[in-house]
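File shown: data.cif (mmCIF, C-alpha atoms and all ligand atoms).
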data_protein
loop_
_atom_site.label_atom_id
_atom_site.label_comp_id
_atom_site.auth_asym_id
_atom_site.auth_seq_id
_atom_site.Cartn_x
_atom_site.Cartn_y
_atom_site.Cartn_z
CA MET U 555 -160.29 -50.74 17.18
CA THR U 556 -160.69 -54.45 16.40
CA GLY U 557 -160.95 -57.57 18.53
CA PHE U 558 -162.10 -57.80 22.13
CA TYR U 559 -162.45 -54.58 24.12
CA ARG U 560 -164.80 -52.87 26.54
CA GLN U 561 -167.62 -50.52 25.73
CA GLY U 562 -168.47 -49.26 29.21
CA PRO U 563 -168.68 -52.29 31.50
CA ALA U 564 -169.40 -54.70 28.61
CA LEU U 565 -166.82 -56.73 26.72
CA VAL U 566 -167.51 -56.67 22.98
CA CYS U 567 -166.05 -58.29 19.87
CA ASP U 568 -165.73 -55.73 17.09
CA GLY U 569 -168.61 -53.76 18.61
CA VAL U 570 -170.94 -56.74 19.14
CA ALA U 571 -171.74 -57.40 22.82
CA LEU U 572 -170.50 -60.82 23.92
CA ASP U 573 -173.35 -61.29 26.41
CA ARG U 574 -175.83 -61.01 23.51
CA ILE U 575 -173.94 -63.60 21.49
CA ALA U 576 -173.82 -65.97 24.47
CA ALA U 577 -177.52 -65.46 25.19
CA ALA U 578 -178.32 -66.48 21.61
CA GLU U 579 -175.88 -69.38 21.20
CA GLY U 580 -175.25 -70.69 24.72
CA THR U 581 -171.94 -71.57 26.32
CA PRO U 582 -169.20 -72.79 26.13
CA LEU U 583 -168.77 -70.83 22.93
CA TYR U 584 -165.80 -69.70 20.87
CA VAL U 585 -166.10 -66.23 19.32
CA TYR U 586 -163.69 -64.96 16.65
CA SER U 587 -163.02 -61.51 15.25
CA ALA U 588 -162.67 -61.64 11.45
CA ALA U 589 -161.19 -58.13 11.46
CA THR U 590 -158.44 -59.18 13.87
CA ILE U 591 -157.55 -62.20 11.75
CA ALA U 592 -157.37 -60.01 8.64
CA GLY U 593 -155.32 -57.35 10.40
CA ARG U 594 -152.80 -59.82 11.78
CA TYR U 595 -152.46 -61.68 8.48
CA ARG U 596 -151.82 -58.39 6.66
CA ALA U 597 -149.28 -57.29 9.29
CA ILE U 598 -147.13 -60.32 8.45
CA ASP U 599 -147.65 -59.94 4.71
CA GLU U 600 -146.69 -56.26 4.84
CA ALA U 601 -143.67 -56.91 7.05
CA PHE U 602 -142.25 -59.22 4.36
CA ALA U 603 -143.40 -57.09 1.41
CA GLY U 604 -140.60 -56.33 -1.02
CA TYR U 605 -139.09 -59.80 -0.65
CA PRO U 606 -140.47 -62.92 -2.38
CA HIS U 607 -142.51 -64.70 0.25
CA ALA U 608 -145.58 -66.90 0.67
CA ILE U 609 -147.59 -67.23 3.87
CA HIS U 610 -148.94 -70.73 4.41
CA TYR U 611 -151.25 -70.38 7.42
CA ALA U 612 -150.70 -73.33 9.81
CA LEU U 613 -154.09 -75.04 9.91
CA LYS U 614 -153.18 -76.85 13.10
CA ALA U 615 -153.75 -73.62 15.03
CA ASN U 616 -157.40 -73.43 14.00
CA SER U 617 -158.92 -75.03 10.92
CA THR U 618 -162.61 -74.32 11.31
CA LEU U 619 -163.74 -74.06 7.69
CA ALA U 620 -165.04 -70.49 7.77
CA LEU U 621 -161.84 -69.24 9.39
CA THR U 622 -159.74 -71.21 6.89
CA ARG U 623 -161.76 -69.73 4.01
CA LEU U 624 -161.28 -66.26 5.42
CA LEU U 625 -157.51 -66.73 5.31
CA ARG U 626 -157.64 -68.09 1.78
CA GLY U 627 -159.58 -65.00 0.77
CA LEU U 628 -156.85 -62.83 2.25
CA GLY U 629 -154.29 -64.50 -0.04
CA SER U 630 -152.82 -67.05 2.34
CA GLY U 631 -151.66 -70.54 1.43
CA ALA U 632 -152.08 -73.47 3.83
CA ASP U 633 -149.73 -75.59 5.91
CA ALA U 634 -151.37 -78.95 6.61
CA ASN U 635 -150.20 -81.37 9.28
CA SER U 636 -152.33 -84.38 8.41
CA GLY U 637 -154.38 -85.88 5.62
CA GLY U 638 -157.45 -84.45 7.36
CA GLU U 639 -156.01 -80.94 7.25
CA ILE U 640 -155.27 -81.36 3.52
CA ASP U 641 -158.95 -82.27 3.05
CA VAL U 642 -160.02 -79.22 5.04
CA ALA U 643 -157.74 -77.01 2.94
CA LEU U 644 -159.30 -78.38 -0.27
CA ARG U 645 -162.83 -77.93 1.04
CA ALA U 646 -161.94 -74.39 2.03
CA GLY U 647 -161.05 -73.76 -1.61
CA PHE U 648 -157.26 -73.98 -1.61
CA ILE U 649 -155.79 -75.55 -4.72
CA PRO U 650 -153.00 -78.13 -4.24
CA PRO U 651 -150.10 -75.80 -5.21
CA GLN U 652 -151.19 -73.57 -2.29
CA ILE U 653 -150.68 -76.37 0.24
CA VAL U 654 -147.49 -77.54 1.98
CA PHE U 655 -147.59 -80.70 4.05
CA THR U 656 -145.59 -81.06 7.26
CA GLY U 657 -145.80 -83.73 9.93
CA VAL U 658 -143.59 -86.17 11.76
CA GLY U 659 -145.57 -89.33 11.04
CA LYS U 660 -147.12 -89.15 7.61
CA THR U 661 -148.66 -92.47 6.66
CA LEU U 662 -148.39 -94.04 3.20
CA ALA U 663 -152.02 -93.02 2.66
CA ASP U 664 -151.23 -89.40 3.63
CA LEU U 665 -148.22 -89.30 1.31
CA GLY U 666 -150.11 -90.93 -1.56
CA GLN U 667 -152.90 -88.36 -1.22
CA ALA U 668 -150.40 -85.46 -1.25
CA ILE U 669 -148.53 -86.89 -4.25
CA ASP U 670 -151.72 -87.55 -6.23
CA LEU U 671 -152.90 -84.02 -5.57
CA GLY U 672 -149.59 -82.46 -6.56
CA ILE U 673 -149.30 -80.16 -3.54
CA ARG U 674 -146.61 -77.46 -3.43
CA THR U 675 -144.13 -79.43 -1.29
CA ILE U 676 -144.00 -82.25 1.16
CA ASN U 677 -141.78 -81.17 4.04
CA VAL U 678 -140.00 -84.47 4.65
CA GLU U 679 -138.81 -85.46 8.09
CA SER U 680 -136.34 -88.31 7.53
CA ALA U 681 -134.37 -90.46 5.10
CA GLY U 682 -137.09 -93.10 5.42
CA GLU U 683 -139.78 -90.63 4.44
CA ILE U 684 -137.79 -89.54 1.38
CA ALA U 685 -137.55 -93.20 0.35
CA ARG U 686 -141.32 -93.61 0.76
CA VAL U 687 -142.11 -90.45 -1.23
CA ASP U 688 -139.68 -91.61 -3.93
CA ALA U 689 -141.22 -95.08 -4.17
CA LEU U 690 -144.82 -93.83 -4.19
CA SER U 691 -143.98 -91.19 -6.81
CA ARG U 692 -142.19 -93.64 -9.10
CA GLU U 693 -145.15 -96.01 -8.86
CA ARG U 694 -147.24 -93.12 -10.15
CA GLN U 695 -144.60 -92.12 -12.70
CA THR U 696 -144.33 -88.67 -11.21
CA ARG U 697 -141.74 -86.55 -9.42
CA THR U 698 -142.69 -84.93 -6.12
CA LYS U 699 -141.31 -81.66 -4.82
CA ILE U 700 -139.91 -81.99 -1.33
CA ALA U 701 -138.38 -79.68 1.25
CA ILE U 702 -136.15 -81.22 3.87
CA ARG U 703 -137.14 -80.34 7.41
CA ILE U 704 -133.92 -79.79 9.30
CA ASN U 705 -133.44 -80.07 13.00
CA PRO U 706 -130.99 -77.22 13.63
CA ASP U 707 -130.47 -78.06 17.32
CA VAL U 708 -131.59 -74.56 18.35
CA ASP U 709 -133.26 -74.00 21.71
CA ALA U 710 -136.49 -72.08 21.04
CA LYS U 711 -136.63 -71.07 24.74
CA THR U 712 -140.30 -71.92 24.92
CA HIS U 713 -142.29 -74.51 26.90
CA PRO U 714 -140.66 -77.98 26.43
CA HIS U 715 -143.93 -79.40 25.09
CA ILE U 716 -143.90 -76.95 22.16
CA SER U 717 -140.17 -76.99 21.45
CA THR U 718 -139.30 -78.87 18.26
CA GLY U 719 -135.84 -77.74 17.13
CA LEU U 720 -133.53 -79.47 19.61
CA LYS U 721 -131.68 -82.61 18.66
CA THR U 722 -133.51 -84.35 21.50
CA ASN U 723 -136.86 -83.55 19.80
CA LYS U 724 -138.40 -86.02 17.35
CA PHE U 725 -138.64 -83.53 14.49
CA GLY U 726 -136.62 -83.18 11.30
CA VAL U 727 -133.27 -84.40 9.96
CA PRO U 728 -130.20 -83.58 12.09
CA ILE U 729 -128.61 -80.66 10.30
CA GLY U 730 -125.24 -82.39 9.95
CA ASP U 731 -126.85 -85.28 8.05
CA VAL U 732 -128.54 -83.10 5.42
CA PRO U 733 -125.68 -82.75 2.86
CA ALA U 734 -125.22 -86.52 2.56
CA LEU U 735 -128.97 -87.05 2.46
CA CYS U 736 -129.33 -84.49 -0.34
CA ALA U 737 -126.51 -86.07 -2.34
CA HIS U 738 -128.38 -89.37 -2.07
CA ALA U 739 -131.83 -87.89 -2.79
CA ARG U 740 -130.63 -86.05 -5.91
CA ALA U 741 -130.15 -89.41 -7.57
CA LEU U 742 -133.75 -90.48 -6.90
CA ALA U 743 -136.14 -90.26 -9.85
CA GLY U 744 -139.24 -89.74 -7.69
CA VAL U 745 -138.24 -86.66 -5.71
CA GLU U 746 -137.03 -83.16 -6.43
CA ILE U 747 -135.52 -81.17 -3.57
CA VAL U 748 -136.91 -77.66 -3.81
CA GLY U 749 -136.57 -76.36 -0.27
CA LEU U 750 -135.21 -76.49 3.22
CA HIS U 751 -137.58 -76.20 6.16
CA ALA U 752 -137.16 -75.47 9.87
CA HIS U 753 -139.81 -75.08 12.55
CA ILE U 754 -138.18 -74.94 15.96
CA GLY U 755 -141.21 -74.51 18.20
CA SER U 756 -144.22 -72.44 19.05
CA GLN U 757 -144.92 -69.38 21.25
CA ILE U 758 -141.34 -68.13 20.72
CA THR U 759 -140.99 -64.64 22.17
CA ASP U 760 -137.23 -64.20 21.76
CA LEU U 761 -136.08 -63.47 18.19
CA ASP U 762 -132.61 -64.92 18.77
CA PRO U 763 -133.52 -68.63 18.24
CA LEU U 764 -135.56 -67.73 15.15
CA THR U 765 -132.63 -65.83 13.62
CA ARG U 766 -130.25 -68.66 14.50
CA ALA U 767 -132.49 -71.15 12.69
CA ALA U 768 -132.68 -68.81 9.67
CA ARG U 769 -128.88 -68.51 9.63
CA ALA U 770 -128.55 -72.29 9.78
CA LEU U 771 -130.91 -72.67 6.78
CA VAL U 772 -129.04 -70.06 4.72
CA ALA U 773 -125.63 -71.60 5.48
CA LEU U 774 -126.94 -75.05 4.60
CA ALA U 775 -128.47 -73.82 1.33
CA ARG U 776 -125.09 -72.29 0.41
CA GLU U 777 -123.29 -75.53 1.20
CA LEU U 778 -125.80 -77.57 -0.82
CA ALA U 779 -125.55 -75.19 -3.79
CA GLY U 780 -121.75 -75.64 -3.67
CA ALA U 781 -122.33 -79.38 -3.94
CA GLY U 782 -124.75 -78.99 -6.86
CA THR U 783 -128.19 -79.04 -5.14
CA ARG U 784 -129.95 -75.77 -5.96
CA ILE U 785 -133.14 -75.17 -4.07
CA GLU U 786 -135.93 -72.62 -4.59
CA HIS U 787 -137.13 -71.68 -1.15
CA LEU U 788 -136.43 -71.57 2.56
CA ASP U 789 -139.40 -72.43 4.78
CA LEU U 790 -138.93 -70.64 8.10
CA GLY U 791 -141.88 -72.43 9.73
CA GLY U 792 -144.11 -70.70 12.25
CA GLY U 793 -143.51 -70.15 15.93
CA LEU U 794 -143.65 -66.41 16.53
CA GLY U 795 -145.34 -65.92 19.90
CA VAL U 796 -148.12 -63.64 21.09
CA SER U 797 -148.60 -61.86 24.39
CA TYR U 798 -151.01 -63.70 26.66
CA ASP U 799 -150.36 -61.53 29.71
CA GLY U 800 -149.86 -58.07 28.23
CA SER U 801 -146.05 -58.25 28.28
CA ARG U 802 -144.24 -56.97 25.20
CA VAL U 803 -143.40 -59.52 22.50
CA PRO U 804 -141.74 -59.01 19.10
CA THR U 805 -144.03 -57.78 16.33
CA ALA U 806 -144.27 -59.32 12.87
CA ARG U 807 -142.24 -56.37 11.56
CA GLU U 808 -139.50 -56.90 14.13
CA TYR U 809 -139.41 -60.57 13.16
CA ALA U 810 -139.14 -59.66 9.46
CA ASP U 811 -136.45 -57.06 10.21
CA ALA U 812 -134.48 -59.72 12.06
CA VAL U 813 -134.66 -62.53 9.49
CA LEU U 814 -134.79 -60.69 6.15
CA PRO U 815 -131.17 -59.44 6.25
CA ILE U 816 -130.08 -63.03 6.91
CA VAL U 817 -132.12 -64.58 4.11
CA ARG U 818 -131.62 -61.80 1.56
CA GLU U 819 -128.06 -62.82 0.69
CA SER U 820 -129.35 -66.26 -0.38
CA GLY U 821 -131.81 -64.72 -2.86
CA LEU U 822 -134.15 -67.62 -2.04
CA ALA U 823 -137.90 -67.11 -1.67
CA ILE U 824 -139.33 -67.48 1.84
CA VAL U 825 -142.22 -69.65 2.96
CA LEU U 826 -143.75 -68.80 6.34
CA GLU U 827 -146.11 -71.01 8.37
CA PRO U 828 -147.60 -68.77 11.06
CA GLY U 829 -150.54 -70.07 13.06
CA ARG U 830 -150.80 -68.65 16.57
CA GLN U 831 -149.53 -65.21 15.51
CA ILE U 832 -152.56 -64.75 13.25
CA VAL U 833 -155.42 -66.31 15.19
CA ALA U 834 -154.63 -66.49 18.95
CA PRO U 835 -155.72 -62.94 19.87
CA ALA U 836 -158.66 -63.20 17.45
CA GLY U 837 -160.59 -65.66 19.63
CA ALA U 838 -162.26 -65.78 23.04
CA LEU U 839 -163.93 -68.67 24.82
CA LEU U 840 -167.16 -67.66 26.55
CA THR U 841 -168.11 -69.66 29.61
CA ARG U 842 -170.63 -69.33 32.42
CA VAL U 843 -170.09 -69.80 36.12
CA VAL U 844 -171.85 -73.00 37.16
CA ASP U 845 -170.96 -72.91 40.84
CA VAL U 846 -168.90 -70.97 43.35
CA LYS U 847 -167.46 -73.28 46.00
CA GLU U 848 -165.76 -72.28 49.19
CA ALA U 849 -163.39 -75.00 50.31
CA GLY U 850 -162.32 -75.55 53.88
CA GLY U 851 -162.91 -74.05 57.35
CA ARG U 852 -164.61 -70.74 57.85
CA LEU U 853 -165.42 -70.07 54.23
CA ALA U 854 -167.22 -73.39 53.97
CA ARG U 855 -169.22 -72.64 57.11
CA ARG U 856 -170.22 -69.30 55.69
CA SER U 857 -171.59 -70.88 52.54
CA LEU U 858 -173.73 -73.11 54.77
CA GLY U 859 -175.09 -70.01 56.42
CA GLU U 860 -173.37 -70.72 59.76
CA GLY U 861 -171.97 -67.24 60.03
CA GLY U 862 -168.36 -66.16 60.50
CA GLY U 863 -165.74 -66.28 57.86
CA GLU U 864 -164.05 -63.77 55.74
CA ASP U 865 -161.63 -64.87 53.04
CA VAL U 866 -158.91 -66.46 55.14
CA GLY U 867 -155.40 -67.27 53.93
CA GLY U 868 -155.04 -70.89 52.91
CA GLU U 869 -158.72 -71.27 52.08
CA ARG U 870 -159.77 -71.60 48.46
CA LEU U 871 -162.60 -70.23 46.47
CA PHE U 872 -163.32 -72.35 43.40
CA VAL U 873 -165.19 -70.78 40.54
CA VAL U 874 -166.54 -73.70 38.52
CA MET U 875 -167.10 -72.86 34.85
CA ASP U 876 -169.07 -74.71 32.19
CA ALA U 877 -165.85 -74.87 30.08
CA GLY U 878 -162.79 -76.85 31.04
CA MET U 879 -160.03 -78.96 29.56
CA THR U 880 -162.41 -80.39 26.96
CA GLU U 881 -162.83 -76.93 25.41
CA LEU U 882 -159.41 -75.43 26.21
CA ILE U 883 -156.60 -77.76 27.18
CA ARG U 884 -153.69 -75.30 26.92
CA PRO U 885 -153.59 -74.37 30.63
CA MET U 886 -153.44 -78.07 31.61
CA LEU U 887 -151.13 -79.22 28.80
CA TYR U 888 -148.61 -76.37 28.75
CA ASN U 889 -149.32 -74.55 31.99
CA ALA U 890 -150.46 -71.78 29.67
CA PHE U 891 -151.78 -68.49 31.03
CA HIS U 892 -154.95 -66.93 29.61
CA ARG U 893 -156.63 -63.77 30.88
CA ILE U 894 -160.05 -64.56 32.33
CA GLU U 895 -162.43 -61.62 32.57
CA PRO U 896 -166.08 -61.04 33.44
CA VAL U 897 -167.97 -60.18 30.27
CA VAL U 898 -169.89 -57.50 32.16
CA LEU U 899 -167.89 -55.83 34.94
CA THR U 900 -169.57 -55.83 38.35
CA GLU U 901 -169.02 -53.80 41.50
CA ALA U 902 -168.41 -56.99 43.52
CA PRO U 903 -165.29 -56.88 45.73
CA PRO U 904 -162.05 -58.27 44.26
CA THR U 905 -161.64 -61.86 45.41
CA SER U 906 -158.83 -64.35 44.98
CA CYS U 907 -160.00 -67.61 43.41
CA ASP U 908 -159.12 -70.63 41.30
CA VAL U 909 -161.09 -70.78 38.06
CA VAL U 910 -161.76 -74.44 37.31
CA GLY U 911 -163.59 -76.56 34.76
CA PRO U 912 -166.34 -79.10 35.42
CA LEU U 913 -164.38 -82.27 34.56
CA CYS U 914 -163.49 -85.12 36.85
CA GLU U 915 -159.78 -84.25 36.79
CA SER U 916 -157.85 -82.24 39.37
CA SER U 917 -155.76 -80.76 36.55
CA ASP U 918 -158.91 -79.20 35.11
CA THR U 919 -157.91 -75.69 36.21
CA LEU U 920 -158.22 -72.77 33.80
CA GLY U 921 -156.58 -70.17 36.02
CA LYS U 922 -155.00 -70.38 39.48
CA ASP U 923 -154.95 -67.59 42.06
CA ARG U 924 -156.88 -65.09 39.96
CA THR U 925 -158.34 -61.91 41.36
CA LEU U 926 -161.86 -61.37 40.05
CA PRO U 927 -164.87 -59.33 41.18
CA ARG U 928 -166.40 -61.98 43.44
CA PRO U 929 -168.06 -64.27 40.87
CA GLN U 930 -171.65 -65.47 41.11
CA ALA U 931 -173.25 -68.55 39.53
CA GLY U 932 -174.72 -67.69 36.14
CA GLU U 933 -172.27 -64.90 35.31
CA LEU U 934 -170.56 -64.91 31.93
CA TYR U 935 -166.78 -64.89 31.57
CA ALA U 936 -164.40 -64.64 28.60
CA ILE U 937 -161.14 -66.54 28.40
CA LEU U 938 -159.08 -64.39 26.06
CA ASP U 939 -156.53 -65.10 23.31
CA THR U 940 -157.92 -68.56 22.69
CA GLY U 941 -158.21 -68.41 18.89
CA ALA U 942 -155.19 -70.72 18.42
CA TYR U 943 -154.90 -74.28 19.76
CA GLY U 944 -158.29 -73.89 21.47
CA SER U 945 -161.23 -75.35 19.57
CA VAL U 946 -158.93 -77.58 17.47
CA MET U 947 -157.84 -79.40 20.61
CA ALA U 948 -161.36 -79.77 22.03
CA SER U 949 -162.40 -83.30 22.96
CA ASN U 950 -165.42 -85.34 23.96
CA TYR U 951 -163.93 -86.53 27.26
CA ASN U 952 -166.64 -87.11 29.88
CA ARG U 953 -169.00 -87.32 26.86
CA ARG U 954 -168.99 -83.57 26.61
CA LEU U 955 -170.17 -82.07 23.34
CA LEU U 956 -167.90 -79.96 21.15
CA PRO U 957 -168.64 -76.25 21.63
CA ALA U 958 -170.19 -73.98 19.02
CA GLU U 959 -168.13 -71.31 17.25
CA VAL U 960 -169.18 -67.85 16.10
CA MET U 961 -167.45 -65.39 13.78
CA VAL U 962 -168.06 -61.67 14.11
CA GLU U 963 -167.71 -59.98 10.73
CA ASP U 964 -168.96 -56.60 9.55
CA GLY U 965 -170.83 -56.01 12.81
CA LYS U 966 -172.69 -59.34 12.65
CA ALA U 967 -172.22 -62.54 14.63
CA ARG U 968 -172.82 -65.77 12.72
CA VAL U 969 -172.45 -69.38 13.80
CA ILE U 970 -169.61 -71.00 11.85
CA ARG U 971 -169.80 -74.32 13.67
CA ARG U 972 -172.88 -75.36 15.58
CA ARG U 973 -172.73 -77.18 18.87
CA GLN U 974 -172.38 -80.95 18.59
CA THR U 975 -175.40 -82.99 19.63
CA ILE U 976 -175.38 -86.21 21.65
CA ASP U 977 -176.79 -88.05 18.60
CA GLU U 978 -173.86 -86.85 16.49
CA LEU U 979 -171.43 -87.89 19.19
CA LEU U 980 -172.89 -91.38 19.33
CA SER U 981 -173.52 -91.77 15.62
CA LEU U 982 -170.24 -93.63 15.02
CA GLU U 983 -171.00 -96.30 17.58
CA LEU U 984 -172.43 -99.63 16.43
C1 LIG U 1001 -144.44 -77.49 11.09
C2 LIG U 1001 -145.20 -76.42 11.77
N1 LIG U 1001 -145.39 -75.25 11.11
C3 LIG U 1001 -146.07 -74.24 11.68
C4 LIG U 1001 -146.58 -74.36 12.95
C5 LIG U 1001 -147.33 -73.19 13.53
O1 LIG U 1001 -146.72 -72.71 14.65
P1 LIG U 1001 -147.26 -71.40 15.36
O2 LIG U 1001 -148.70 -71.58 15.61
O3 LIG U 1001 -146.46 -71.32 16.61
O4 LIG U 1001 -146.97 -70.25 14.44
C6 LIG U 1001 -146.39 -75.53 13.66
C7 LIG U 1001 -146.87 -75.64 15.05
O5 LIG U 1001 -146.24 -76.07 15.94
C8 LIG U 1001 -145.69 -76.60 13.05
O6 LIG U 1001 -145.52 -77.77 13.68
#

Once more with this new file: its structure as structure tokens, please.
Amino acid sequence: MTGFYRQGPALVCDGVALDRIAAAEGTPLYVYSAATIAGRYRAIDEAFAGYPHAIHYALKANSTLALTRLLRGLGSGADANSGGEIDVALRAGFIPPQIVFTGVGKTLADLGQAIDLGIRTINVESAGEIARVDALSRERQTRTKIAIRINPDVDAKTHPHISTGLKTNKFGVPIGDVPALCAHARALAGVEIVGLHAHIGSQITDLDPLTRAARALVALARELAGAGTRIEHLDLGGGLGVSYDGSRVPTAREYADAVLPIVRESGLAIVLEPGRQIVAPAGALLTRVVDVKEAGGRLARRSLGEGGGEDVGGERLFVVMDAGMTELIRPMLYNAFHRIEPVVLTEAPPTSCDVVGPLCESSDTLGKDRTLPRPQAGELYAILDTGAYGSVMASNYNRRLLPAEVMVEDGKARVIRRRQTIDELLSLEL
């Protein structure tokens, strides 16, 4: 078994007790399972085996260097969404032909960097961006490989904040405009169209929108080939969801079985950009209870020692953690659900509570109406499936310091990013 599971009452990561890791490194703390990352990467690779494909792990999900290096070692390429992520990919040992570059607002500096490096493709988002890549490439007397990101107007049926494939979203070129754009771009000396790209959203748990986007790409490639533009690959983006609540979601194999028959007829190689699918279940955020607050009426009196009071409907028990929206913003940003579990199970009676963070924001709630063994200050909790879009979105709001990160590999826990210090936080200020 790999990942996070119980050995007796204790939650462990690949056999290493989480309470020991937290005692050594403090909280809030991200812990990752290297074995889970490897297993999930291989599951995708094997699902597409037998068809030409390249996995470009989406760094935006989690680009801590050690984790990025681990994926490179497994054979992955990288999908970068900013100049900074290209730098991370290079420092993690990727060579430029292993990097694709996506992003809705690439600056001239970003594009120049990508062109100078000679990365695999720039996934371009608009006619204006093609013109900029063309001009920058001609200045450098080079020709840059581009893939056109299409907006297929497909509803990913996910949270609106992580839906990117509708015509009302800011991403990509409207699919109907692509043939004319390609006809124009073919005449440009600075660009070579090598691919079509679609990424319609994230945390997609219904295969139908993903297959519709794949069909749209294949049909468009056929139309372009008829008009003389022959491309080399179809980039299907990322987006495949994971189960945060234990409900069944499509596996990597089911995804491959759904899209491969569609793509096969084109004969074109596939590029995949999975992020969440690989790393989300491989991470947990460890956090300690700072305070347990009983709000309102009888419960409040009880906490003052005035007697009376059982848990009464309408009253609230707040469990205040030492992690909040600065460490994990998904619950506040997307209304995302994460399982929250005591690291060591107790015999305390099940109690309904709101699990909240320490920040001065009412939205700083990690989990509403949860039933937990009545928590006590000082106890350690794990917020599960937080390997993707967790630490990468951490912030210094309220002057809080970025959390440390630990990787468990071969039965050993090692710090892969140490906790930020106040001096480091203030070091940029003059
Ligand atoms: C262009 C692009 N590719 C890949 C991804 C990775 O998506 P996911 O983590 O859902 O697989 C994203 C994230 O939204 C993205 O914007």

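Checking U:Thr581, U:Asn705, U:Ser691, U:Gln930 one by one against U:Pro957, counting all atoms listed in the file, you find the shortest gap at U:Thr581.
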
With only C-alpha atoms and all ligand atoms counted and 7 Å as the cut-off, give the residues of chain U in contact with ligand LIG 1001 (chain U), each with its shortest interatomic distance in Å and the pair that gives it, as a tab-separated table.
residue	atom	partner	partner_atom	distance
U:Ala612	CA	U:LIG1001	C5	5.0
U:Lys614	CA	U:LIG1001	C7	6.7
U:Ala615	CA	U:LIG1001	O2	5.5
U:Asp633	CA	U:LIG1001	N1	6.8
U:Thr656	CA	U:LIG1001	C1	5.4
U:Gly657	CA	U:LIG1001	C1	6.5
U:Ile716	CA	U:LIG1001	O5	6.7
U:His753	CA	U:LIG1001	C1	5.4
U:Gly755	CA	U:LIG1001	O5	5.7
U:Ser756	CA	U:LIG1001	O3	3.5
U:Gln757	CA	U:LIG1001	O3	5.3
U:Gly791	CA	U:LIG1001	N1	4.7
U:Gly792	CA	U:LIG1001	O4	3.6
U:Gly793	CA	U:LIG1001	O3	3.2
U:Leu794	CA	U:LIG1001	O4	5.5
U:Gly795	CA	U:LIG1001	O3	6.4
U:Glu827	CA	U:LIG1001	C3	4.6
U:Pro828	CA	U:LIG1001	O4	3.7
U:Gly829	CA	U:LIG1001	O2	3.5
U:Arg830	CA	U:LIG1001	O2	3.7
U:Gln831	CA	U:LIG1001	O4	5.8

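The residue set within 12 Å of U:Ala663, counting only C-alpha atoms and dropping same-chain residues fewer than 3 places from it, reads Ser636, Gly637, Gly638, Gly659, Lys660, Gly666, Gln667, Ala668, Ile669, Asp670, Arg686, Val687 and Leu690 of chain U.
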
Expressed in Å to a single decimal, how great is the separation between atom CA of U:Arg626 and atom CA of U:Met961?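 We find that atom CA of U:Arg626 and atom CA of U:Met961 lie 15.7 Å from each other.
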
For the contact check between stretch 572-667 of chain U and stretch 840-846 of chain U, emit one row per residue of stretch 572-667 of chain U within 9 Å, containing the shortest atom pair and the distance in Å rounded to one decimal, counting only C-alpha atoms, chain then rising number order, as JSON lines.
{"residue": "U:Leu572", "atom": "CA", "partner": "U:Leu840", "partner_atom": "CA", "distance": 8.1}
{"residue": "U:Asp573", "atom": "CA", "partner": "U:Leu840", "partner_atom": "CA", "distance": 8.9}
{"residue": "U:Ala576", "atom": "CA", "partner": "U:Leu840", "partner_atom": "CA", "distance": 7.2}
{"residue": "U:Gly580", "atom": "CA", "partner": "U:Thr841", "partner_atom": "CA", "distance": 8.7}
{"residue": "U:Thr581", "atom": "CA", "partner": "U:Thr841", "partner_atom": "CA", "distance": 5.4}
{"residue": "U:Pro582", "atom": "CA", "partner": "U:Thr841", "partner_atom": "CA", "distance": 4.8}
{"residue": "U:Leu583", "atom": "CA", "partner": "U:Leu840", "partner_atom": "CA", "distance": 5.1}
{"residue": "U:Tyr584", "atom": "CA", "partner": "U:Leu840", "partner_atom": "CA", "distance": 6.2}
{"residue": "U:Val585", "atom": "CA", "partner": "U:Leu840", "partner_atom": "CA", "distance": 7.4}

Record the distance separating atom CA of U:Ile729 and atom CA of U:Val678, expressed in Å with one decimal. 13.3 Å

Between atom CA of U:Ala632 and atom CA of U:Tyr611, what is the distance, to one decimal in Å?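 About the pair atom CA of U:Ala632 and atom CA of U:Tyr611: they are 4.8 Å apart.
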
Counting only C-alpha atoms, the option among U:Tyr595, U:Phe602, U:Tyr935, U:Tyr798 closest to U:Leu624: U:Tyr595

Here is a test: counting all atoms listed in the file, which residue of U:Lys721, U:Ala823, U:Thr925, U:Asp939 is nearest to U:Asp799? U:Asp939

Nearby residues (only C-alpha atoms) at most 8 Å from U:Arg692, same-chain spacing under 4 positions excluded, as a list of chain:residue names: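 The filter keeps U:Asp688, U:Thr696, U:Arg697, U:Ala743, U:Gly744.
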
Might you pull out every residue within 9 Å of U:Ala812, with only C-alpha atoms counted and same-chain residues fewer than 2 positions away left off, and present them as a PDB file with C-alpha atoms, keeping the file's coordinate frame?
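Writing the result to out_14.pdb gives the following:
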ATOM      1  CA  LEU U 761    -136.080 -63.470  18.190  1.00  0.00           C
ATOM      2  CA  ASP U 762    -132.610 -64.920  18.770  1.00  0.00           C
ATOM      3  CA  LEU U 764    -135.560 -67.730  15.150  1.00  0.00           C
ATOM      4  CA  THR U 765    -132.630 -65.830  13.620  1.00  0.00           C
ATOM      5  CA  ARG U 807    -142.240 -56.370  11.560  1.00  0.00           C
ATOM      6  CA  GLU U 808    -139.500 -56.900  14.130  1.00  0.00           C
ATOM      7  CA  TYR U 809    -139.410 -60.570  13.160  1.00  0.00           C
ATOM      8  CA  ALA U 810    -139.140 -59.660   9.460  1.00  0.00           C
ATOM      9  CA  LEU U 814    -134.790 -60.690   6.150  1.00  0.00           C
ATOM     10  CA  PRO U 815    -131.170 -59.440   6.250  1.00  0.00           C
ATOM     11  CA  ILE U 816    -130.080 -63.030   6.910  1.00  0.00           C
TER      12      ILE U 816
END
